[in-house]
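A.B. asks: Handing you a structure now.
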Amino acid sequence: MKNYLVILFFLTASIELFATHNRAGEITYKYISGNTYEITVNIFSDPTSPAFRRKEIVINYGDGTGSDSIPETIVFPKIKDNIQKRSWIVQHTYPGPGDYTISVTDPNRNGGVDNIINSTSVPFFIKSLLRIGQLSSLANNSPILLNDPIDDACFGQLFVHNPGAVDPDGDSLAYRLSPSFGLSGAIAPGYQYPSSAPNAIFVNPITGDLTMDVPNSVGLYNVAMLILEYRNGVKVGEVLRDLQIQVFPGCNNRPPVIQANSLNCVEAGSRLVIPINTFDPDPQDKVTITASGEPFLLNGTNAARLNTSSPANSVNASIQWDTRCLNSRLRLYDVLLRSEDDAFNRTGATNLTTFKSIGIRVVAPGPENAQAQSIQTSIKLNWQNPNCTSAAGFKIYRRIDSSGYQSDSCQPGVPGGIGYQLIKTIRDVNTLEFVDDNNGKGLVPLTKYCYFITKYFDDGDESYVSDEVCAIIEKVVPIMTKVSVEATDINSGVFQVEWTSPDTIDQMQFLPPYRYVLEELNTNSGFELIDSTTSLNDTAITLTGRNTVESGAIFRVSLYSLANQRDLVASSTNASSIFLSIEPSDNMVSLSWQDNVPWINETYTIFRKKPNQLNFDSIATTSENSFIDDSLSNGFQYCYYIASRGVIGTVSNPIRTFNKSQEVCAEPIDNIPPCSPITASSANCDSDQLKISWSFEDNTCLNDIVSYIVYRSPSINGAYEVLDQINDKNVSEYSPSLSSIAGCYYVSAIDSAGNESAFTENTCVEYCPIYELPNVFTPNGDGVNDLYVPLKNPRFRYVDSVDFQVYNRWDQLVFQTKDPAINWDGKSMDTNEPLSEGVYIFICKVFESTLIEVKEPRIIKGTVTILNSKEAKTTD
């Protein structure tokens, strides 16, 4: 049945059938196949109304196919004598991908709704957004709303309602308060949200709790809630639910209380049991607890269940869920607990309901049977993944020495703050081993390395961690212990390089004699031979004639067997010198340094040599790689170097290291700009007078200022040019002599070192044109008022152009010009003959000078009267 039939039905139906009855409702949809969806319209109505007898409603599918009337499908048992739910279910096939707003406008709302004017004459309107994506994988089901949109509240008592929304696709839901709507989706006439004090009515965007804290007006109210679905951060649909709340006076009742953990976590494959207690503060009331949410809607034995006892004043219950691997995910499962008392049955008072939202986090188990084995300067990891194999891959975390951390039930992955760092992501769930060689650099001998392994999933979820596994890198290679700058010079600098020998050498594979080879990294060509030794006991080399000023150096040492020509036994990891940088500033210097070493530098000591001082003194110790030395004097030279203290290894008897950077020197200089003035202006357009003033938030800023520079730009986005310089720091205002004061201005401050303050804010003065038009002129040739021109004013010069048009009473254009002076002699522009006396209409677009680049014209409309003109030869 299409549009015209529906309209005919509306026109011929009896007034009785349009009686009021609709209270609340929503539209939901379910994906069937292709572009076909099953749409369900739920409406809660008053069954005592004659309109309840009407079995059809009109639905608009939002795809341009018009409206259909669909028959009633399901009638549910009455909730109360005057409240009953009905459903209309229909399938519809859409033409293709797109956004479709499904809506129902049904006459009319029930009477007595206090926040809608004359609610009996307002149609009931609900809608939902269906978004069909380009890919079939984007097929979407709307949320299912498990709690009825009918609720009771008590005057002066906190009220909370929750729709009990569950998304079958596992999409994220967000909630938003909305007004109720009427005819054609417009906000219902006179709509206002229910009165609530001291806090307004609001919806929790995450849990969906609608709260009135507290209702302070008795009556019947409608509000709406928009429930939005998001998938991977993109909105995929929404449902508008209209709900009705009855606020009763003096309920003589208190709501139940629910006690349960808000967050509950479980390892996938394990049983979760959540204990719940609900009780009523009124001893004679009994409570009933129910639970809803996605875990209860799962298929078969995987569904959660609520174990509860018979209604009593205090009821103990529990949620039991035997989880499976397929239940693990990043997003929480939302469960809504609902406890209702029986005050109506007891005393006739209003039953009160309490809601509590709790979350369940199902976490995948971590990899099992993890092992770590050292191989030379690498560690090989192995693990197994017998459970929850649908992961995308694994993540490897590492730290030095054991942390002792064990997974908390609600902490998947590796938490921050325990020293672990992610070193590898393996994007293959079938790869069950990894060799850590520190990205080819090798791990440091004598060091205990520990690891956690986790699984990660496509939705961003991460499993619990594996057992912590550790291994020690033995001393089977040479270990660099010193790369120290012993002399600083661009030509004759000195590096001291030292290392230790490995504890063991496989002499079956590598026969003596042995030789150490020292290499230095060339950034262009790689490592290059620098020097060599002839004995295993010769583990130090002094490098002279080096440039230690302009850059640091990176070395490594390799052990070779010379028995069969030259075989590499092992190489150390790389180690660099400490390279120190210095940045002078006002009465201070900033020091920063870099090093890349296999050991852990525990402390850095800063040494300084003052002006006219022969020796360096230590001034501070830090564990950071930077230091600021202040309270210095500008213009004097200060010199510095850094000495580090480090340790190699975490086992007993670690190796200690001591290294120095090169020396650097600098003179502190005042390069810090002074405070920026706050600029203001006052202007007088009539006299073209301008006063620019400035001030500082802190008056101590004046201590370092010697002068000011005033800048001007002719437009907001134009370039600034120097207007004047004021060499008196005590001056705080300036009046320039300009032909036009329009423009933007700012003032900068100059200190004694010539530093200029930063541009922070400006002040702009707009053009102030005056363009006024007279309403009469006398083009009779007497030399007085013969031309139509603007009224005289000096600010007329700020008018760039106009579009001036004059029309006669028959709407014919008789004159037009773009000249701001106009100079119209009262003649027709077509015939050049004088126009007859009378009233003419003008429209003038005035394009005025302005600081902004895009000029919007000012429109002047009015009339002009021509008097004493000569008679026209032709009619106008």
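FYI, nothing fancy with the structure tokens labels: chains A, B, ... in order, residues from 1 per chain, ligands from 1 as they appear.
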Write out as an NGL selection string which residues come within 12 Å of Gln812 (chain A) when counting only C-alpha atoms, dropping same-chain ones fewer than 3 positions away.
C.D. replies: :A and (805-809 or 815-816 or 828-830 or 840-842 or 876)
A.B. asks: Filtering to C-alpha atoms, could you give me those residues as a short mmCIF file (atom, residue, chain, number, x, y, z; two decimals), in the first residue's frame?
C.D. replies:
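Final file, selection_39.cif:
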```cif
data_model
loop_
_atom_site.label_atom_id
_atom_site.label_comp_id
_atom_site.auth_asym_id
_atom_site.auth_seq_id
_atom_site.Cartn_x
_atom_site.Cartn_y
_atom_site.Cartn_z
CA GLN A 805 20.99 51.41 -9.65
CA VAL A 806 17.76 53.45 -9.98
CA TYR A 807 14.37 51.97 -10.90
CA ASN A 808 11.05 53.61 -11.79
CA ARG A 809 7.74 52.50 -10.38
CA PHE A 815 20.16 54.75 -14.29
CA GLN A 816 23.29 52.83 -13.23
CA SER A 828 17.40 58.23 -18.44
CA MET A 829 20.51 56.25 -19.31
CA ASP A 830 18.70 54.79 -22.35
CA TYR A 840 12.31 56.48 -7.79
CA ILE A 841 13.77 53.47 -6.00
CA PHE A 842 17.51 53.01 -5.67
CA ASP A 876 9.12 56.86 -18.35
#
```
A.B. asks: Find the spatial neighbours of region 37-42 of chain A, counting only C-alpha atoms, within a cut-off of 6 Å - ignore same-chain residues fewer than 2 positions away - and output them as an MDAnalysis selection string.
C.D. replies: chainID A and resid 25:32 86:92
A.B. asks: May I have the residues from that selection written out with all heavy atoms, as a CSV table (one decimal), in the first residue's frame?
C.D. replies:
```csv
chain,number,residue,atom,x,y,z
A,25,GLY,N,8.8,4.3,22.0
A,25,GLY,CA,9.2,3.3,21.1
A,25,GLY,C,10.5,3.6,20.4
A,25,GLY,O,11.2,4.5,20.6
A,26,GLU,N,10.8,2.6,19.4
A,26,GLU,CA,12.0,2.7,18.6
A,26,GLU,C,11.9,1.9,17.4
A,26,GLU,O,11.0,1.0,17.3
A,26,GLU,CB,13.3,2.3,19.5
A,26,GLU,CG,13.4,0.9,19.7
A,26,GLU,CD,12.7,0.4,20.9
A,26,GLU,OE1,12.4,1.2,21.8
A,26,GLU,OE2,12.4,-0.8,21.0
A,27,ILE,N,12.8,2.0,16.5
A,27,ILE,CA,12.9,1.2,15.3
A,27,ILE,C,14.3,0.5,15.3
A,27,ILE,O,15.3,1.2,15.5
A,27,ILE,CB,12.8,2.1,14.0
A,27,ILE,CG1,11.5,2.9,14.0
A,27,ILE,CG2,13.0,1.2,12.7
A,27,ILE,CD1,11.4,3.9,12.8
A,28,THR,N,14.3,-0.8,15.1
A,28,THR,CA,15.5,-1.5,15.0
A,28,THR,C,15.5,-2.3,13.7
A,28,THR,O,14.5,-2.4,13.0
A,28,THR,CB,15.7,-2.5,16.2
A,28,THR,OG1,14.6,-3.4,16.2
A,28,THR,CG2,15.8,-1.8,17.5
A,29,TYR,N,16.7,-2.8,13.3
A,29,TYR,CA,16.8,-3.6,12.1
A,29,TYR,C,17.8,-4.7,12.2
A,29,TYR,O,18.7,-4.6,13.0
A,29,TYR,CB,17.1,-2.7,10.9
A,29,TYR,CG,18.3,-1.8,11.1
A,29,TYR,CD1,19.6,-2.2,10.9
A,29,TYR,CD2,18.1,-0.4,11.5
A,29,TYR,CE1,20.7,-1.3,11.1
A,29,TYR,CE2,19.2,0.4,11.7
A,29,TYR,CZ,20.5,0.0,11.5
A,29,TYR,OH,21.5,0.8,11.6
A,30,LYS,N,17.6,-5.7,11.3
A,30,LYS,CA,18.5,-6.9,11.3
A,30,LYS,C,18.8,-7.2,9.9
A,30,LYS,O,18.0,-7.2,9.0
A,30,LYS,CB,17.7,-8.1,12.0
A,30,LYS,CG,18.6,-9.4,12.0
A,30,LYS,CD,17.9,-10.4,12.8
A,30,LYS,CE,16.6,-11.0,12.1
A,30,LYS,NZ,16.0,-12.1,12.8
A,31,TYR,N,20.1,-7.5,9.7
A,31,TYR,CA,20.6,-7.8,8.3
A,31,TYR,C,20.1,-9.2,7.9
A,31,TYR,O,20.2,-10.2,8.7
A,31,TYR,CB,22.1,-7.8,8.3
A,31,TYR,CG,22.7,-8.2,7.0
A,31,TYR,CD1,22.6,-7.4,5.8
A,31,TYR,CD2,23.4,-9.4,6.9
A,31,TYR,CE1,23.1,-7.8,4.6
A,31,TYR,CE2,24.0,-9.8,5.7
A,31,TYR,CZ,23.8,-9.0,4.5
A,31,TYR,OH,24.4,-9.4,3.3
A,32,ILE,N,19.6,-9.3,6.7
A,32,ILE,CA,19.1,-10.6,6.2
A,32,ILE,C,20.1,-11.2,5.2
A,32,ILE,O,20.8,-12.2,5.4
A,32,ILE,CB,17.7,-10.5,5.6
A,32,ILE,CG1,16.7,-10.0,6.6
A,32,ILE,CG2,17.2,-11.9,5.0
A,32,ILE,CD1,16.6,-10.9,7.9
A,86,ARG,N,3.5,-3.2,21.2
A,86,ARG,CA,3.2,-3.9,19.9
A,86,ARG,C,4.4,-3.7,19.0
A,86,ARG,O,5.1,-2.8,19.1
A,86,ARG,CB,1.9,-3.3,19.3
A,86,ARG,CG,0.7,-3.5,20.0
A,86,ARG,CD,-0.6,-3.1,19.3
A,86,ARG,NE,-0.6,-1.6,19.1
A,86,ARG,CZ,-1.5,-1.0,18.3
A,86,ARG,NH1,-2.4,-1.7,17.7
A,86,ARG,NH2,-1.5,0.3,18.2
A,87,SER,N,4.5,-4.7,18.1
A,87,SER,CA,5.6,-4.7,17.1
A,87,SER,C,5.1,-4.9,15.7
A,87,SER,O,4.1,-5.6,15.5
A,87,SER,CB,6.6,-5.8,17.4
A,87,SER,OG,7.3,-5.6,18.6
A,88,TRP,N,5.7,-4.1,14.8
A,88,TRP,CA,5.4,-4.3,13.3
A,88,TRP,C,6.8,-4.7,12.7
A,88,TRP,O,7.8,-4.0,12.8
A,88,TRP,CB,5.0,-3.0,12.7
A,88,TRP,CG,3.6,-2.5,13.2
A,88,TRP,CD1,2.4,-2.7,12.5
A,88,TRP,CD2,3.2,-1.9,14.4
A,88,TRP,NE1,1.4,-2.2,13.2
A,88,TRP,CE2,1.8,-1.7,14.4
A,88,TRP,CE3,3.9,-1.5,15.5
A,88,TRP,CZ2,1.1,-1.1,15.4
A,88,TRP,CZ3,3.2,-0.9,16.6
A,88,TRP,CH2,1.8,-0.7,16.5
A,89,ILE,N,6.8,-5.8,12.0
A,89,ILE,CA,8.0,-6.4,11.4
A,89,ILE,C,7.8,-6.5,9.9
A,89,ILE,O,6.8,-7.0,9.4
A,89,ILE,CB,8.3,-7.7,12.0
A,89,ILE,CG1,8.5,-7.6,13.6
A,89,ILE,CG2,9.6,-8.3,11.4
A,89,ILE,CD1,8.7,-8.9,14.3
A,90,VAL,N,8.8,-6.0,9.1
A,90,VAL,CA,8.7,-6.0,7.7
A,90,VAL,C,10.1,-6.2,7.1
A,90,VAL,O,11.1,-5.7,7.7
A,90,VAL,CB,8.0,-4.7,7.1
A,90,VAL,CG1,8.9,-3.5,7.4
A,90,VAL,CG2,7.7,-4.8,5.6
A,91,GLN,N,10.2,-6.8,6.0
A,91,GLN,CA,11.5,-6.9,5.3
A,91,GLN,C,11.5,-5.9,4.1
A,91,GLN,O,10.5,-5.8,3.4
A,91,GLN,CB,11.8,-8.3,4.8
A,91,GLN,CG,12.1,-9.3,5.9
A,91,GLN,CD,12.7,-10.6,5.4
A,91,GLN,OE1,12.9,-10.8,4.1
A,91,GLN,NE2,12.9,-11.5,6.3
A,92,HIS,N,12.6,-5.3,3.8
A,92,HIS,CA,12.7,-4.3,2.7
A,92,HIS,C,14.1,-4.5,2.1
A,92,HIS,O,15.1,-4.6,2.8
A,92,HIS,CB,12.5,-2.9,3.3
A,92,HIS,CG,12.5,-1.9,2.2
A,92,HIS,ND1,11.5,-1.7,1.3
A,92,HIS,CD2,13.5,-0.9,1.8
A,92,HIS,CE1,11.8,-0.7,0.5
A,92,HIS,NE2,13.0,-0.3,0.7
```
A.B. asks: Which residues, written as JSON, numbers by chain, have at least one atom at most 10 Å from Ser571 (chain A), with only C-alpha atoms counted and residues fewer than 6 positions away on the same chain left out?
C.D. replies: {"A": [377, 441, 442, 476, 477, 478, 479, 480, 516, 517, 518, 556, 557, 558, 559, 560]}
A.B. asks: Based on the selection just made, write N, CA and C atoms of those residues as a compact mmCIF listing (two decimals), in the first residue's frame.
C.D. replies:
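Result saved to part_16.txt:
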```txt
# COMPACT_ATOMS: atom_id res chain seq x y z
N THR A 377 76.32 -13.82 21.41
CA THR A 377 75.76 -12.55 21.90
C THR A 377 74.29 -12.41 21.51
N LYS A 441 73.44 -5.80 16.48
CA LYS A 441 74.52 -5.19 17.26
C LYS A 441 75.07 -6.14 18.31
N GLY A 442 74.33 -7.19 18.63
CA GLY A 442 74.74 -8.10 19.67
C GLY A 442 74.32 -7.62 21.05
N VAL A 476 81.88 -14.35 26.02
CA VAL A 476 82.47 -15.17 24.96
C VAL A 476 82.99 -14.30 23.82
N VAL A 477 82.94 -12.98 23.99
CA VAL A 477 83.44 -12.05 22.98
C VAL A 477 84.22 -10.95 23.69
N PRO A 478 85.04 -10.19 22.99
CA PRO A 478 85.67 -9.02 23.62
C PRO A 478 84.60 -8.02 24.03
N ILE A 479 84.87 -7.31 25.12
CA ILE A 479 83.91 -6.32 25.62
C ILE A 479 84.58 -4.96 25.67
N MET A 480 84.02 -3.99 24.95
CA MET A 480 84.53 -2.62 25.01
C MET A 480 84.26 -2.05 26.39
N TYR A 516 94.03 -8.80 18.10
CA TYR A 516 92.89 -7.89 18.17
C TYR A 516 93.02 -6.84 17.07
N VAL A 517 91.93 -6.53 16.43
CA VAL A 517 91.89 -5.48 15.42
C VAL A 517 90.89 -4.43 15.86
N LEU A 518 91.32 -3.17 15.93
CA LEU A 518 90.45 -2.06 16.31
C LEU A 518 89.96 -1.37 15.04
N ARG A 556 84.86 -0.52 17.46
CA ARG A 556 84.62 -1.90 17.88
C ARG A 556 85.95 -2.65 17.77
N VAL A 557 86.08 -3.74 18.52
CA VAL A 557 87.29 -4.54 18.46
C VAL A 557 86.91 -5.96 18.09
N SER A 558 87.70 -6.57 17.21
CA SER A 558 87.44 -7.93 16.75
C SER A 558 88.65 -8.81 17.06
N LEU A 559 88.38 -10.04 17.44
CA LEU A 559 89.42 -11.02 17.74
C LEU A 559 89.55 -11.97 16.55
N TYR A 560 90.79 -12.12 16.05
CA TYR A 560 91.05 -12.98 14.90
C TYR A 560 92.02 -14.11 15.29
```
A.B. asks: Just checking: using only C-alpha atoms, which residue out of A:Tyr191, A:Tyr61, A:Tyr100, A:Trp694 ends up closest to Val122 (chain A)?
C.D. replies: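 Nearest to Val122 (chain A): A:Tyr191.
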A.B. asks: Identify, on the basis of only C-alpha atoms, every residue whose closest approach to Thr865 (chain A) does not exceed 6 Å; exclude the query and any residue fewer than 6 positions from it along the same chain; express the result as a list in words.
C.D. replies: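 The neighbour list is Val776, Gly838 and Val839 of chain A.
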